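Chemist: Data: query21.cif, mmCIF, C-alpha atoms.
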data_structure
loop_
_atom_site.label_atom_id
_atom_site.label_comp_id
_atom_site.auth_asym_id
_atom_site.auth_seq_id
_atom_site.Cartn_x
_atom_site.Cartn_y
_atom_site.Cartn_z
CA MET A 1 0.00 0.00 0.00
CA SER A 2 1.42 3.39 -0.94
CA ASP A 3 2.15 5.90 1.72
CA MET A 4 0.42 9.27 1.92
CA LEU A 5 1.72 12.74 2.63
CA GLU A 6 -0.13 15.10 4.94
CA TYR A 7 1.09 18.47 5.96
CA LYS A 8 0.29 19.31 9.58
CA CYS A 9 0.47 22.77 11.08
CA PRO A 10 3.21 22.93 13.75
CA CYS A 11 1.15 25.46 15.70
CA CYS A 12 -2.22 23.75 16.01
CA GLY A 13 -1.88 20.38 14.24
CA GLY A 14 -4.50 21.21 11.60
CA LYS A 15 -4.13 20.27 7.94
CA VAL A 16 -2.07 22.77 5.96
CA GLU A 17 -3.07 23.57 2.40
CA PHE A 18 -1.53 25.54 -0.46
CA ASP A 19 -3.10 29.02 -0.52
CA SER A 20 -3.41 30.48 -4.00
CA ALA A 21 -3.72 34.07 -2.74
CA SER A 22 -0.49 34.18 -0.76
CA GLN A 23 1.31 31.45 -2.76
CA GLN A 24 2.34 29.91 0.55
CA MET A 25 1.21 26.97 2.67
CA LYS A 26 -1.51 28.12 5.10
CA CYS A 27 -3.35 26.59 8.03
CA PRO A 28 -7.09 27.39 7.69
CA PHE A 29 -7.59 26.93 11.45
CA CYS A 30 -4.97 29.21 13.01
CA GLU A 31 -4.12 31.07 9.75
CA SER A 32 -0.40 30.55 10.19
CA GLU A 33 1.56 30.74 6.95
CA PHE A 34 4.68 28.82 6.01
CA SER A 35 6.93 28.74 3.00
CA ILE A 36 7.03 25.60 0.88
CA GLU A 37 10.58 24.98 2.03
CA ALA A 38 9.64 25.21 5.70
CA VAL A 39 6.80 22.72 5.28
CA GLN A 40 9.03 20.36 3.32
CA GLN A 41 11.60 20.53 6.09
CA MET A 42 8.98 19.84 8.75
CA GLN A 43 7.61 16.95 6.67
CA GLN A 44 11.04 15.41 6.28
CA ASP A 45 11.40 15.45 10.02
CA GLN A 46 8.03 13.70 10.35
CA ILE A 47 8.35 11.05 7.64
CA GLY A 48 10.97 9.06 9.52
CA SER A 49 8.92 8.81 12.67
CA ASN A 50 5.57 7.93 10.95
CA ASP A 51 6.97 5.47 8.44
CA MET A 52 7.12 2.49 10.79
CA SER A 53 3.45 2.75 11.77
CA TRP A 54 2.14 1.85 8.29
CA ASP A 55 4.03 -1.33 7.74
CA ALA A 56 1.64 -3.47 9.72
CA SER A 57 -1.52 -2.27 8.06
CA ALA A 58 -0.85 -3.12 4.44
CA GLY A 59 -2.62 -5.35 2.04
CA SER A 60 -4.51 -8.16 3.72
CA ASP A 61 -8.00 -6.96 2.77
CA TRP A 62 -7.52 -7.34 -0.98
CA GLN A 63 -7.16 -10.47 -3.06
CA PRO A 64 -4.44 -10.57 -5.72
CA GLY A 65 -5.73 -9.09 -8.96
CA GLU A 66 -8.66 -7.28 -7.33
CA THR A 67 -6.72 -4.09 -7.04
CA GLU A 68 -5.37 -4.10 -10.58
CA GLY A 69 -5.34 -0.49 -11.74
CA MET A 70 -6.43 0.62 -8.28
CA LYS A 71 -4.71 1.65 -5.13
CA VAL A 72 -6.20 1.71 -1.65
CA TYR A 73 -5.05 4.26 0.88
CA SER A 74 -5.91 4.78 4.52
CA CYS A 75 -6.45 8.32 5.67
CA LYS A 76 -4.04 9.23 8.46
CA SER A 77 -6.53 11.59 10.08
CA CYS A 78 -9.62 9.41 10.39
CA GLY A 79 -8.55 5.93 9.21
CA GLY A 80 -11.07 5.91 6.35
CA GLU A 81 -10.13 3.88 3.28
CA ILE A 82 -9.67 5.80 0.06
CA VAL A 83 -9.81 3.88 -3.18
CA ALA A 84 -8.08 5.70 -5.99
CA ASP A 85 -6.85 4.57 -9.34
CA GLU A 86 -3.17 4.39 -10.05
CA LEU A 87 -3.24 7.74 -11.85
CA THR A 88 -4.46 9.79 -8.88
CA GLY A 89 -1.73 11.84 -7.27
CA ALA A 90 -3.68 13.98 -4.86
CA SER A 91 -7.15 13.77 -3.48
CA SER A 92 -9.17 14.33 -0.36
CA CYS A 93 -10.57 11.86 2.11
CA PRO A 94 -14.29 11.43 1.43
CA TYR A 95 -14.94 10.96 5.15
CA CYS A 96 -13.12 13.85 6.79
CA GLY A 97 -12.18 15.98 3.76
CA ASN A 98 -8.52 15.86 4.70
CA PRO A 99 -6.41 16.78 1.67
CA VAL A 100 -3.84 14.13 0.88
CA VAL A 101 -1.01 13.73 -1.57
CA LEU A 102 -0.60 10.13 -2.64
CA GLN A 103 3.03 9.17 -2.72
CA GLY A 104 4.38 7.02 -5.50
CA THR A 105 2.16 8.55 -8.17
CA PHE A 106 4.67 11.29 -8.85
CA ASP A 107 7.88 9.47 -8.04
CA GLY A 108 10.74 8.39 -10.23
CA ASP A 109 10.31 8.91 -13.93
CA LEU A 110 6.74 9.97 -13.27
CA ARG A 111 7.81 13.06 -11.36
CA PRO A 112 6.68 16.29 -13.05
CA ASP A 113 9.43 18.69 -14.06
CA LEU A 114 7.44 21.80 -13.21
CA VAL A 115 4.15 22.97 -11.79
CA ILE A 116 2.22 26.24 -12.08
CA PRO A 117 0.61 26.72 -8.66
CA PHE A 118 -2.99 27.83 -8.37
CA LYS A 119 -3.31 31.62 -8.41
CA LEU A 120 -7.10 31.82 -8.17
CA ASP A 121 -9.37 30.22 -5.61
CA LYS A 122 -12.74 28.49 -5.71
CA ASN A 123 -14.67 31.72 -5.10
CA LYS A 124 -13.14 33.24 -8.19
CA ALA A 125 -14.27 30.20 -10.19
CA LYS A 126 -17.86 30.68 -8.99
CA GLU A 127 -17.66 34.39 -9.81
CA LYS A 128 -16.38 33.65 -13.29
CA LEU A 129 -19.20 31.19 -13.87
CA SER A 130 -21.75 33.90 -13.09
CA GLU A 131 -20.02 36.25 -15.53
CA HIS A 132 -19.95 33.49 -18.13
CA LEU A 133 -23.73 33.15 -17.98
CA LYS A 134 -24.40 36.90 -18.33
CA GLY A 135 -25.32 38.49 -21.64
CA LYS A 136 -25.95 35.23 -23.47
CA LYS A 137 -28.99 36.00 -25.59
CA PHE A 138 -30.20 32.47 -26.30
CA LEU A 139 -29.37 30.89 -22.95
CA PRO A 140 -32.54 29.38 -21.41
CA LYS A 141 -33.57 31.51 -18.47
CA ALA A 142 -34.26 28.37 -16.45
CA PHE A 143 -30.60 27.38 -16.77
CA THR A 144 -29.49 30.54 -15.01
CA ASP A 145 -32.31 30.45 -12.44
CA GLN A 146 -31.87 26.82 -11.58
CA ASN A 147 -28.10 26.91 -11.94
CA HIS A 148 -26.49 24.94 -9.18
CA ILE A 149 -23.03 23.58 -9.28
CA ASP A 150 -22.82 19.87 -8.61
CA GLU A 151 -19.11 19.99 -8.00
CA ILE A 152 -16.18 22.41 -8.14
CA LYS A 153 -12.75 20.90 -7.96
CA GLY A 154 -9.27 22.32 -8.34
CA VAL A 155 -7.26 19.87 -10.40
CA TYR A 156 -3.62 19.84 -11.40
CA VAL A 157 -3.85 18.52 -14.96
CA PRO A 158 -0.81 16.79 -16.45
CA PHE A 159 0.51 18.36 -19.65
CA TRP A 160 3.37 17.67 -21.99
CA LEU A 161 5.15 20.84 -23.13
CA PHE A 162 7.01 20.59 -26.41
CA ASP A 163 9.90 22.74 -27.62
CA ALA A 164 11.03 22.44 -31.22
CA ASP A 165 12.72 24.27 -34.07
CA ALA A 166 10.79 24.12 -37.33
CA ASP A 167 12.29 24.53 -40.80
CA GLY A 168 9.79 25.34 -43.52
CA ASP A 169 9.94 25.51 -47.30
CA ILE A 170 6.68 26.64 -48.86
CA GLN A 171 5.84 27.47 -52.46
CA TYR A 172 2.92 29.66 -53.56
CA GLU A 173 1.36 30.98 -56.72
CA GLY A 174 0.76 34.72 -56.41
CA ILE A 175 -1.57 36.60 -58.73
CA LYS A 176 -1.66 40.38 -59.16
CA GLU A 177 -4.72 41.81 -60.88
CA ARG A 178 -5.18 45.07 -62.67
CA THR A 179 -8.44 46.19 -64.29
CA TRP A 180 -9.34 48.99 -66.64
CA SER A 181 -11.99 49.59 -69.27
CA ASP A 182 -12.65 51.50 -72.42
CA SER A 183 -15.93 52.30 -74.12
CA ASN A 184 -16.43 48.71 -75.31
CA TYR A 185 -14.59 46.34 -72.99
CA ARG A 186 -13.62 45.76 -69.40
CA TYR A 187 -10.03 44.39 -69.16
CA THR A 188 -8.52 42.26 -66.40
CA GLU A 189 -4.78 41.68 -66.46
CA LYS A 190 -3.46 38.85 -64.24
CA SER A 191 0.26 38.58 -63.56
CA TYR A 192 1.44 35.23 -62.19
CA PHE A 193 4.35 34.86 -59.78
CA ASN A 194 6.19 31.91 -58.29
CA VAL A 195 6.58 32.77 -54.60
CA ARG A 196 8.99 30.83 -52.37
CA ARG A 197 9.57 31.14 -48.65
CA THR A 198 12.24 29.12 -46.84
CA GLY A 199 13.11 29.72 -43.24
CA SER A 200 12.95 28.65 -39.63
CA LEU A 201 10.75 29.28 -36.61
CA ALA A 202 11.24 28.22 -33.00
CA PHE A 203 8.51 27.07 -30.62
CA GLU A 204 8.54 26.65 -26.87
CA HIS A 205 6.16 25.13 -24.34
CA VAL A 206 3.48 23.96 -26.79
CA PRO A 207 1.05 22.19 -24.44
CA VAL A 208 -0.71 18.90 -25.03
CA ASP A 209 -3.07 17.48 -22.41
CA GLY A 210 -1.56 14.33 -20.93
CA SER A 211 -4.72 13.00 -19.30
CA SER A 212 -7.30 10.96 -21.19
CA ARG A 213 -9.83 11.89 -18.49
CA MET A 214 -9.71 15.60 -19.38
CA PRO A 215 -11.39 16.54 -22.69
CA ASP A 216 -8.67 17.85 -24.98
CA ASP A 217 -10.84 20.62 -26.43
CA LEU A 218 -11.70 21.88 -22.94
CA MET A 219 -8.03 22.00 -21.95
CA GLU A 220 -6.98 23.74 -25.17
CA SER A 221 -9.78 26.29 -24.75
CA ILE A 222 -8.38 27.65 -21.48
CA GLU A 223 -4.94 28.33 -22.98
CA PRO A 224 -2.60 30.03 -22.73
CA PHE A 225 -0.83 29.39 -19.47
CA ASP A 226 2.02 31.75 -18.58
CA TYR A 227 5.11 29.61 -18.30
CA LYS A 228 6.92 32.32 -16.33
CA ASP A 229 5.00 31.27 -13.21
CA ALA A 230 6.15 27.66 -13.46
CA VAL A 231 8.24 26.44 -10.52
CA THR A 232 10.14 23.27 -9.77
CA PHE A 233 7.67 20.60 -8.73
CA GLU A 234 7.18 20.03 -5.03
CA LYS A 235 4.45 17.82 -3.63
CA ALA A 236 3.44 20.53 -1.19
CA TYR A 237 1.79 22.50 -3.99
CA LEU A 238 -0.72 19.69 -4.48
CA SER A 239 -2.10 19.84 -0.98
CA GLY A 240 -5.73 20.96 -1.02
CA TYR A 241 -6.21 20.09 -4.67
CA LEU A 242 -6.73 17.03 -6.83
CA ALA A 243 -3.98 15.86 -9.11
CA ASP A 244 -3.54 13.13 -11.65
CA ARG A 245 -0.45 11.87 -13.36
CA TYR A 246 -0.33 11.44 -17.09
CA ASP A 247 -1.81 8.42 -18.83
CA VAL A 248 -1.16 9.76 -22.35
CA THR A 249 2.57 9.50 -23.01
CA ALA A 250 4.75 12.14 -24.65
CA GLU A 251 5.03 9.91 -27.73
CA GLN A 252 1.25 9.76 -28.02
CA SER A 253 1.02 13.56 -27.66
CA ILE A 254 3.62 14.38 -30.30
CA ASP A 255 1.18 14.22 -33.23
CA ARG A 256 -1.02 16.93 -31.76
CA ALA A 257 1.97 19.19 -31.00
CA ASN A 258 3.31 18.59 -34.51
CA HIS A 259 0.00 19.52 -36.08
CA ARG A 260 -0.20 22.82 -34.19
CA ILE A 261 3.43 23.67 -34.93
CA GLU A 262 3.08 22.90 -38.63
CA GLN A 263 -0.07 24.99 -38.88
CA SER A 264 1.70 27.93 -37.21
CA VAL A 265 4.60 27.67 -39.66
CA ILE A 266 2.16 27.70 -42.58
CA ASP A 267 0.26 30.70 -41.14
CA THR A 268 3.44 32.68 -40.30
CA PHE A 269 5.05 32.13 -43.69
CA ARG A 270 1.78 33.01 -45.43
CA GLU A 271 1.74 36.40 -43.67
CA SER A 272 4.97 37.27 -45.46
CA VAL A 273 3.35 36.89 -48.90
CA VAL A 274 1.87 40.32 -49.47
CA GLY A 275 0.86 42.48 -52.39
CA TYR A 276 -1.16 39.88 -54.29
CA SER A 277 -4.85 39.73 -55.14
CA GLN A 278 -4.79 35.95 -54.81
CA VAL A 279 -2.32 33.53 -53.21
CA HIS A 280 -2.51 29.74 -53.59
CA GLU A 281 -0.18 27.38 -51.74
CA LYS A 282 1.41 24.89 -54.09
CA GLY A 283 3.32 22.74 -51.64
CA ASN A 284 5.12 22.70 -48.32
CA ALA A 285 7.87 20.80 -46.52
CA ILE A 286 8.18 21.29 -42.78
CA GLN A 287 10.78 19.57 -40.63
CA LEU A 288 11.12 19.66 -36.87
CA HIS A 289 14.32 19.20 -34.89
CA ASN A 290 15.81 19.81 -31.45
CA GLY A 291 12.51 18.60 -30.03
CA LYS A 292 12.17 18.08 -26.31
CA ALA A 293 9.28 17.47 -23.94
CA GLN A 294 8.63 18.48 -20.35
CA TYR A 295 6.08 16.98 -17.98
CA VAL A 296 4.26 19.68 -16.05
CA LEU A 297 1.14 20.14 -13.96
CA TYR A 298 -1.13 23.06 -14.79
CA PRO A 299 -3.90 24.36 -12.49
CA VAL A 300 -7.49 24.04 -13.67
CA TRP A 301 -10.78 24.57 -11.85
CA ILE A 302 -13.41 22.10 -13.12
CA LEU A 303 -17.11 22.77 -12.54
CA ASN A 304 -19.94 20.33 -13.20
CA THR A 305 -23.59 21.13 -13.43
CA THR A 306 -26.65 19.16 -14.56
CA TRP A 307 -29.68 20.66 -16.29
CA ASN A 308 -32.50 18.85 -18.05
CA ASN A 309 -30.66 15.55 -17.49
CA GLU A 310 -27.72 16.88 -19.44
CA LYS A 311 -24.28 17.36 -17.93
CA PHE A 312 -22.38 20.59 -18.53
CA LEU A 313 -18.68 20.86 -17.91
CA PHE A 314 -16.90 24.16 -17.37
CA ALA A 315 -13.25 24.88 -16.85
CA MET A 316 -11.31 27.85 -15.58
CA ASN A 317 -7.61 28.42 -16.03
CA GLY A 318 -6.39 28.42 -12.42
CA GLN A 319 -3.65 30.92 -13.28
CA THR A 320 -5.23 33.45 -15.64
CA GLY A 321 -8.94 33.03 -14.89
CA LYS A 322 -9.97 32.30 -18.48
CA PHE A 323 -13.35 30.57 -18.23
CA VAL A 324 -14.93 28.31 -20.87
CA GLY A 325 -17.83 25.93 -21.19
CA ASN A 326 -20.55 25.28 -23.74
CA LEU A 327 -24.06 26.40 -22.81
CA PRO A 328 -27.47 25.10 -23.89
CA LEU A 329 -29.50 26.81 -26.61
CA ASP A 330 -33.08 27.98 -26.19
CA LYS A 331 -34.24 26.83 -29.63
CA SER A 332 -37.56 28.68 -29.65
CA ALA A 333 -35.93 31.97 -28.67
CA PHE A 334 -33.34 31.45 -31.39
CA VAL A 335 -35.94 30.80 -34.09
CA LYS A 336 -38.06 33.78 -32.99
CA ALA A 337 -35.06 36.12 -32.99
CA MET A 338 -33.85 34.87 -36.36
CA THR A 339 -37.32 35.42 -37.84
CA LEU A 340 -37.55 38.92 -36.38
CA TYR A 341 -34.07 39.91 -37.61
CA SER A 342 -34.87 38.54 -41.07
CA ILE A 343 -38.11 40.52 -41.30
CA ILE A 344 -36.36 43.72 -40.15
CA GLY A 345 -33.49 43.08 -42.56
CA ALA A 346 -35.84 42.50 -45.48
CA VAL A 347 -37.87 45.65 -44.71
CA VAL A 348 -34.75 47.83 -44.40
CA ALA A 349 -33.33 46.37 -47.63
CA CYS A 350 -36.60 47.11 -49.48
CA ILE A 351 -36.65 50.70 -48.20
CA LEU A 352 -33.04 51.22 -49.31
CA THR A 353 -33.84 49.70 -52.70
CA TYR A 354 -36.81 52.07 -53.10
CA PHE A 355 -34.72 55.15 -52.35
CA PHE A 356 -31.59 54.24 -54.29
CA PHE A 357 -32.68 52.06 -57.19
CA SER A 358 -36.15 53.12 -58.27
CA MET B 1 -36.30 41.81 -59.32
CA ASN B 2 -34.36 44.34 -57.27
CA TYR B 3 -36.83 43.90 -54.43
CA VAL B 4 -36.49 40.11 -54.50
CA VAL B 5 -32.72 40.41 -54.21
CA ALA B 6 -33.12 42.99 -51.43
CA ILE B 7 -35.45 40.67 -49.47
CA ILE B 8 -33.05 37.73 -49.83
CA ILE B 9 -30.11 39.87 -48.68
CA GLY B 10 -32.15 41.19 -45.76
CA ILE B 11 -33.11 37.68 -44.67
CA LEU B 12 -29.50 36.50 -44.94
CA ILE B 13 -28.30 39.39 -42.79
CA GLY B 14 -30.92 38.51 -40.18
CA VAL B 15 -29.83 34.87 -40.14
CA VAL B 16 -26.18 35.84 -39.86
CA ILE B 17 -26.83 38.14 -36.90
CA ALA B 18 -28.78 35.42 -35.09
CA CYS B 19 -26.03 32.87 -35.73
CA ILE B 20 -23.36 35.24 -34.44
CA GLN B 21 -25.31 35.67 -31.21
CA LYS B 22 -25.80 31.89 -30.97
CA SER B 23 -22.06 31.30 -31.34
CA ALA B 24 -21.52 33.08 -28.02
CA LEU B 25 -22.89 29.95 -26.32
CA THR B 26 -19.99 27.86 -27.61
CA SER B 27 -16.59 28.55 -26.12
CA VAL B 28 -14.95 25.13 -26.21
CA HIS B 29 -12.90 24.27 -29.28
CA MET B 30 -9.55 22.85 -30.29
CA GLN B 31 -6.83 25.39 -30.97
CA HIS B 32 -6.07 25.97 -34.65
CA ALA B 33 -2.29 26.35 -34.23
CA ALA B 34 0.40 27.32 -31.74
CA ALA B 35 0.89 31.01 -32.48
CA GLU B 36 1.18 31.95 -28.80
CA TYR B 37 4.13 29.59 -28.37
CA ILE B 38 6.36 31.02 -31.11
CA LYS B 39 9.63 32.16 -29.62
CA ARG B 40 9.92 35.90 -30.05
CA ASN B 41 12.13 37.09 -32.95
CA SER B 42 12.85 33.49 -33.97
CA LEU B 43 11.43 33.82 -37.49
CA LYS B 44 14.29 33.84 -39.98
CA PHE B 45 13.97 33.56 -43.73
CA SER B 46 16.86 32.07 -45.70
CA ARG B 47 14.99 32.48 -48.98
CA LYS B 48 12.28 34.93 -49.91
CA THR B 49 11.77 35.11 -53.65
CA ASP B 50 8.90 36.35 -55.81
CA THR B 51 9.59 35.41 -59.44
CA TYR B 52 7.45 36.79 -62.27
CA LEU B 53 6.20 34.04 -64.60
CA TYR B 54 3.70 35.35 -67.15
CA LYS B 55 0.72 37.62 -67.72
CA ARG B 56 -2.78 37.03 -69.05
CA VAL B 57 -5.35 39.62 -70.14
CA GLU B 58 -9.08 38.89 -70.22
CA LYS B 59 -11.60 41.24 -71.71
CA THR B 60 -15.36 41.31 -71.25
CA ALA B 61 -17.69 43.26 -73.48
CA ILE B 62 -19.63 45.99 -71.68
CA PRO B 63 -23.38 45.35 -72.15
CA ARG B 64 -25.04 48.17 -74.06
CA ASP B 65 -28.50 49.45 -73.18
CA ASN B 66 -30.24 49.92 -76.56
CA SER B 67 -33.64 50.71 -75.11
CA GLY B 68 -33.19 54.44 -75.61
CA LYS B 69 -32.62 54.12 -79.34
#
Represent the structure from my file as structure tokens, please.

Modeler:
Amino acid sequence: MSDMLEYKCPCCGGKVEFDSASQQMKCPFCESEFSIEAVQQMQQDQIGSNDMSWDASAGSDWQPGETEGMKVYSCKSCGGEIVADELTGASSCPYCGNPVVLQGTFDGDLRPDLVIPFKLDKNKAKEKLSEHLKGKKFLPKAFTDQNHIDEIKGVYVPFWLFDADADGDIQYEGIKERTWSDSNYRYTEKSYFNVRRTGSLAFEHVPVDGSSRMPDDLMESIEPFDYKDAVTFEKAYLSGYLADRYDVTAEQSIDRANHRIEQSVIDTFRESVVGYSQVHEKGNAIQLHNGKAQYVLYPVWILNTTWNNEKFLFAMNGQTGKFVGNLPLDKSAFVKAMTLYSIIGAVVACILTYFFFS
Amino acid sequence: MNYVVAIIIGILIGVVIACIQKSALTSVHMQHAAAEYIKRNSLKFSRKTDTYLYKRVEKTAIPRDNSGK
């Protein structure tokens, strides 16, 4: 059975959590604050003395094979058993709510290189949800009135960050047009050019979601994350939040990173082709080299709500506050509005036609 | 005929406005590219050529209105 990390306040013995506002570890009971380093030091002093007590309580309740893909942990505070899958790195005890960091999930070659700590708290997530619902013309009123959040959870989502240098060689056909007319004819002159762009472009920290449990489009929608706030990974940052380790490898993520990088090379090179009426790409060759990947944890607030038996998932970037989530459509309001706009549009167009063309 | 075209254009504008407002309900989508992750000042061209190939001229007769004659 894996061991668990808990961070206890040296002043009152309460559970210490990472506070996004102060960026320090904070005891919610006596409000004492400690640096990450101080908590780590205190924890190191404690690990040796607690380690012996767990040896006798391991494993006899489970048959071999029953726990495949699962791990069972006992909460140090209340003794409750927590069943978590092998990907879970941090969680909370469902009995006493004690935040726990599950050791072993982030050890060895599974250890993240970096983490961006949470900068925004749960209240900010709720506030952003309210803002997200405002001003949406075709949102059913009942959704806003009955809106209740089933669950809000702060999750450290595993990401792979890719750095690469891209060399591109792209060929275009450029067409310049000139028109003039005389009394009988209208002339269009088209001049054709062979346009070639060869060059290089460097990319850093292109993120790809490393968890199959997090929808990729939801995670890409809350980008970008500011890499400048990334710090060396310490388990203390996870306390008070949920965390998973990756189950999509860097190799499996490369295709998505490659696609985004290639598209950016195409877009950037295309911006340099100016002065033409038409531009058609004829072919491209893009090569990547000096590629490297980093394993990082990024902070995300996940909110679930249910309405009309349909689940809605929202996400907020735990660093920047960017909030996303698809909302339901009030179909009858949409059809009524579209009909009204069409009638108004047709009437205005007829009036303009009467004044200008009759 | 002008009025028929005007009505069609008016209806299309109405539909477009409604669809633009509807699109505000959707905020989840995959990213198109990685523009925000381009290293600053890293774009370097080793070749940037625009080579003229040929020219083509098309002419279209201007319709004449003979109704006044």

Chemist: Applying the PyMOL selection byres ((chain A and resi 254-266) around 6) to the file I just gave you, which residues come out? Please list them as a PDB file with C-alpha atoms, in the coordinates of the input.

Modeler:
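Produced file selection_15.pdb, reproduced below:
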ATOM      1  CA  GLU A 251       5.030   9.910 -27.730  1.00  0.00           C
ATOM      2  CA  GLN A 252       1.250   9.760 -28.020  1.00  0.00           C
ATOM      3  CA  SER A 253       1.020  13.560 -27.660  1.00  0.00           C
ATOM      4  CA  ASP A 267       0.260  30.700 -41.140  1.00  0.00           C
ATOM      5  CA  THR A 268       3.440  32.680 -40.300  1.00  0.00           C
ATOM      6  CA  PHE A 269       5.050  32.130 -43.690  1.00  0.00           C
TER       7      PHE A 269
ATOM      8  CA  ALA B  33      -2.290  26.350 -34.230  1.00  0.00           C
ATOM      9  CA  ALA B  34       0.400  27.320 -31.740  1.00  0.00           C
ATOM     10  CA  ALA B  35       0.890  31.010 -32.480  1.00  0.00           C
TER      11      ALA B  35
END

Chemist: Hey, list the chain B side of the contact with chain A: 7 Å cut-off, all atoms listed in the file, answer as an MDAnalysis selection string.

Modeler: chainID B and resid 3 6:7 10:15 18 21:22 24:35 37:39 42:62

Chemist: Quick check, in Å to one decimal: how far apart do atom CA of A:Trp160 and atom CA of A:Gly291 lie?

Modeler: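 Rounded to one decimal, the two atoms are 12.2 Å apart.
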
Chemist: If I take atom CA of A:Gly283 and atom CA of B:Arg40, how far is one from the other in Å, to one decimal?

Modeler: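 Straight-line distance from atom CA of A:Gly283 to atom CA of B:Arg40 works out to 26.1 Å.
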
Chemist: Can you turn the PyMOL selection byres ((chain A and resi 14-26) around 9) into a concrete residue list for this file, as a tab-separated table (two decimals) with C-alpha atoms, in the coordinates of the input?

Modeler:
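The result, written out as selection28.tsv:
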chain	number	residue	atom	x	y	z
A	6	GLU	CA	-0.13	15.10	4.94
A	7	TYR	CA	1.09	18.47	5.96
A	8	LYS	CA	0.29	19.31	9.58
A	9	CYS	CA	0.47	22.77	11.08
A	10	PRO	CA	3.21	22.93	13.75
A	11	CYS	CA	1.15	25.46	15.70
A	12	CYS	CA	-2.22	23.75	16.01
A	13	GLY	CA	-1.88	20.38	14.24
A	27	CYS	CA	-3.35	26.59	8.03
A	28	PRO	CA	-7.09	27.39	7.69
A	29	PHE	CA	-7.59	26.93	11.45
A	30	CYS	CA	-4.97	29.21	13.01
A	31	GLU	CA	-4.12	31.07	9.75
A	32	SER	CA	-0.40	30.55	10.19
A	33	GLU	CA	1.56	30.74	6.95
A	34	PHE	CA	4.68	28.82	6.01
A	35	SER	CA	6.93	28.74	3.00
A	36	ILE	CA	7.03	25.60	0.88
A	39	VAL	CA	6.80	22.72	5.28
A	98	ASN	CA	-8.52	15.86	4.70
A	99	PRO	CA	-6.41	16.78	1.67
A	117	PRO	CA	0.61	26.72	-8.66
A	118	PHE	CA	-2.99	27.83	-8.37
A	119	LYS	CA	-3.31	31.62	-8.41
A	120	LEU	CA	-7.10	31.82	-8.17
A	121	ASP	CA	-9.37	30.22	-5.61
A	236	ALA	CA	3.44	20.53	-1.19
A	237	TYR	CA	1.79	22.50	-3.99
A	238	LEU	CA	-0.72	19.69	-4.48
A	239	SER	CA	-2.10	19.84	-0.98
A	240	GLY	CA	-5.73	20.96	-1.02
A	241	TYR	CA	-6.21	20.09	-4.67

Chemist: Would you work out the distance separating atom CA of A:Asn317 from atom CA of A:Leu242, expressed in Å to one decimal?

Modeler: 14.7 Å

Chemist: Dig up all the protein and nucleic acid residues within 8 Å of (-12.2, 26.3, -5.8) in the file frame, using only C-alpha atoms, and format them as a list of chain:residue names.

Modeler: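 Residues with an atom at most 8 Å from (-12.2, 26.3, -5.8): A:Leu120, A:Asp121, A:Lys122, A:Asn123, A:Lys124, A:Ala125, A:Lys126, A:Ile152, A:Lys153, A:Gly154, A:Trp301.
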
Chemist: Name the residues, using the chain letters and numbers of the file, that sit within 6 Å of (-1.2, 12.8, -19.3) when counting all atoms listed in the file, and give them as a count of residues only.

Modeler: 8
